[in-house]
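Asks: First, the structure itself, so that you have it in front of you.
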Amino acid sequence: MRQTPLFPERHNSKTFQLIDTAIKRKGNFMKITFEDKEYYLQDGIWFCGYKKASQPIQDKLNFQAKKDLQLWEEALIEVPEILQASKLAEKRNDLLRALVLARKAYEVTDFKVSVAARVSHLYRKLGEPEEAIKWTEEFARTTHVPLLNTRAAAFADIGEYLQAKKVVGKSLSISPGNPEAFELLNRVQAEYPGTYHDLF
């Protein structure tokens with residue numbers, strides 16, 4: 001497998017600018033030649049031409065590119081860029097890396113409630129709902145809907161359905177049309193072992 005390095009041994013500010021521009025445009029910032037075919041990474045997914053690579057190929061390319069991706073990620077200092085890298089890692093199914101980056105963003109952001117929502121979301125995807133709840137505790141009185149939704153979902157994950165219903169109700173009172181809250185409300189109604197009036 002022949003790889004085009006993300007960071008050449010000798011690079012200048014233009015190299016970083018090209019990478020930054022590519023990320024902002026959600027375009028190509030890495031190419032790899034594998035089995036005589038050229039693949040490029042776009043929005044966390046590998047393509048060959050206009051065709052998405054198969055999952056086995058995705059996994060091989062992600063493994064090959066991991067070192068260069070981490071070098072790029074570690075050089076990021078702006079919160080939006082770090083969060084974008086976290087989302088790309090999540091798309092590559094590298095949830096631990098996505099979490100590391102989200103926590104890095106949390107350390108440097110001024111708008112912590114938004115990033116806490118992302119960290120909580122990732123802990124849920126990793127099967128750690130208790131940790132997801134801990135990351136939302138400080139912001140329990142927030143009006144930030146994404147955090148309320150992930151907090152409610154984490155409560156549902158551990159079977160705290162009444163608490164989940166309470167939080168999702170607050171989310172809907174702030175943003176009546178948000179579909180994630182409605183989906184969660186339906187889930188709570190379907191999974192809760194008690195009576196209907198306990199929920200509503």
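Ligands are numbered from 1 in the order shown, residues from 1 within each chain, and chains are lettered A, B, ... in the order they appear in the structure tokens.
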Among region 34-116 of chain A, which ones does DSSP place in strand (DSSP E or B), written as a CSV table (one decimal) with C-alpha atoms, in the first residue's frame?

Replies:
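Final file, part.csv:
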```
chain,number,residue,atom,x,y,z
A,34,PHE,CA,-4.2,0.5,-2.7
A,37,LYS,CA,-6.6,2.0,-7.2
A,38,GLU,CA,-6.5,5.5,-5.8
A,39,TYR,CA,-8.8,6.2,-2.9
A,40,TYR,CA,-9.6,9.6,-1.3
A,41,LEU,CA,-11.0,10.5,2.0
A,42,GLN,CA,-14.1,12.7,2.1
A,45,ILE,CA,-15.5,8.0,4.1
A,46,TRP,CA,-13.1,6.5,1.5
A,47,PHE,CA,-14.1,6.7,-2.1
A,48,CYS,CA,-12.7,5.3,-5.4
A,51,LYS,CA,-18.0,5.0,-5.6
A,52,LYS,CA,-17.8,4.4,-1.8
```

Asks: Could you list, as a list in words, every residue within 10 Å of Ala98 (chain A), counting only C-alpha atoms and ignoring same-chain residues fewer than 4 positions away?

Replies: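 Once the nearby chain positions are removed, what remains is Ile82, Leu83, Gln84, Ala85, Ser86, Lys87, Leu88, Ala89, Glu90, Lys91, Arg92, Asn93, Asp94, Ala102, Arg103, Lys104, Arg118, Val119 and Leu122 of chain A.
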
Asks: Among region 38-189 of chain A, which residues carry a DSSP assignment of helix (DSSP H, G or I), reported as a count of residues only?

Replies: 108

Asks: To one decimal place in Å, what is the distance between CA of Tyr50 (chain A) and CA of Trp72 (chain A)?

Replies: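 Those two atoms sit 24.9 Å apart.
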
Asks: Check which residues of region 90-126 of chain A sit at most 12 Å from region 146-164 of chain A using only C-alpha atoms, and return one row each with the closest pair of atoms and their distance in Å to one decimal, ordered by chain and rising number, as JSON lines.

Replies:
```
{"residue": "A:Lys112", "atom": "CA", "partner": "A:Leu147", "partner_atom": "CA", "distance": 10.6}
{"residue": "A:Val113", "atom": "CA", "partner": "A:Leu147", "partner_atom": "CA", "distance": 7.1}
{"residue": "A:Ser114", "atom": "CA", "partner": "A:Leu147", "partner_atom": "CA", "distance": 6.9}
{"residue": "A:Val115", "atom": "CA", "partner": "A:Leu147", "partner_atom": "CA", "distance": 8.8}
{"residue": "A:Ala116", "atom": "CA", "partner": "A:Leu147", "partner_atom": "CA", "distance": 7.2}
{"residue": "A:Ala117", "atom": "CA", "partner": "A:Leu147", "partner_atom": "CA", "distance": 4.4}
{"residue": "A:Arg118", "atom": "CA", "partner": "A:Leu147", "partner_atom": "CA", "distance": 7.8}
{"residue": "A:Val119", "atom": "CA", "partner": "A:Leu147", "partner_atom": "CA", "distance": 9.6}
{"residue": "A:Ser120", "atom": "CA", "partner": "A:Thr150", "partner_atom": "CA", "distance": 6.6}
{"residue": "A:His121", "atom": "CA", "partner": "A:Thr150", "partner_atom": "CA", "distance": 5.9}
{"residue": "A:Leu122", "atom": "CA", "partner": "A:Thr150", "partner_atom": "CA", "distance": 9.6}
{"residue": "A:Tyr123", "atom": "CA", "partner": "A:Ala154", "partner_atom": "CA", "distance": 9.2}
{"residue": "A:Arg124", "atom": "CA", "partner": "A:Ala154", "partner_atom": "CA", "distance": 6.6}
{"residue": "A:Lys125", "atom": "CA", "partner": "A:Ala154", "partner_atom": "CA", "distance": 10.0}
{"residue": "A:Leu126", "atom": "CA", "partner": "A:Ala154", "partner_atom": "CA", "distance": 11.6}
```

Asks: Near Asn178 (chain A), within 12 Å and counting only C-alpha atoms, which residues show up once chain neighbours fewer than 3 positions away are dropped, as number ranges by chain?

Replies: A: 145-146, 148-149, 168-175, 181-185
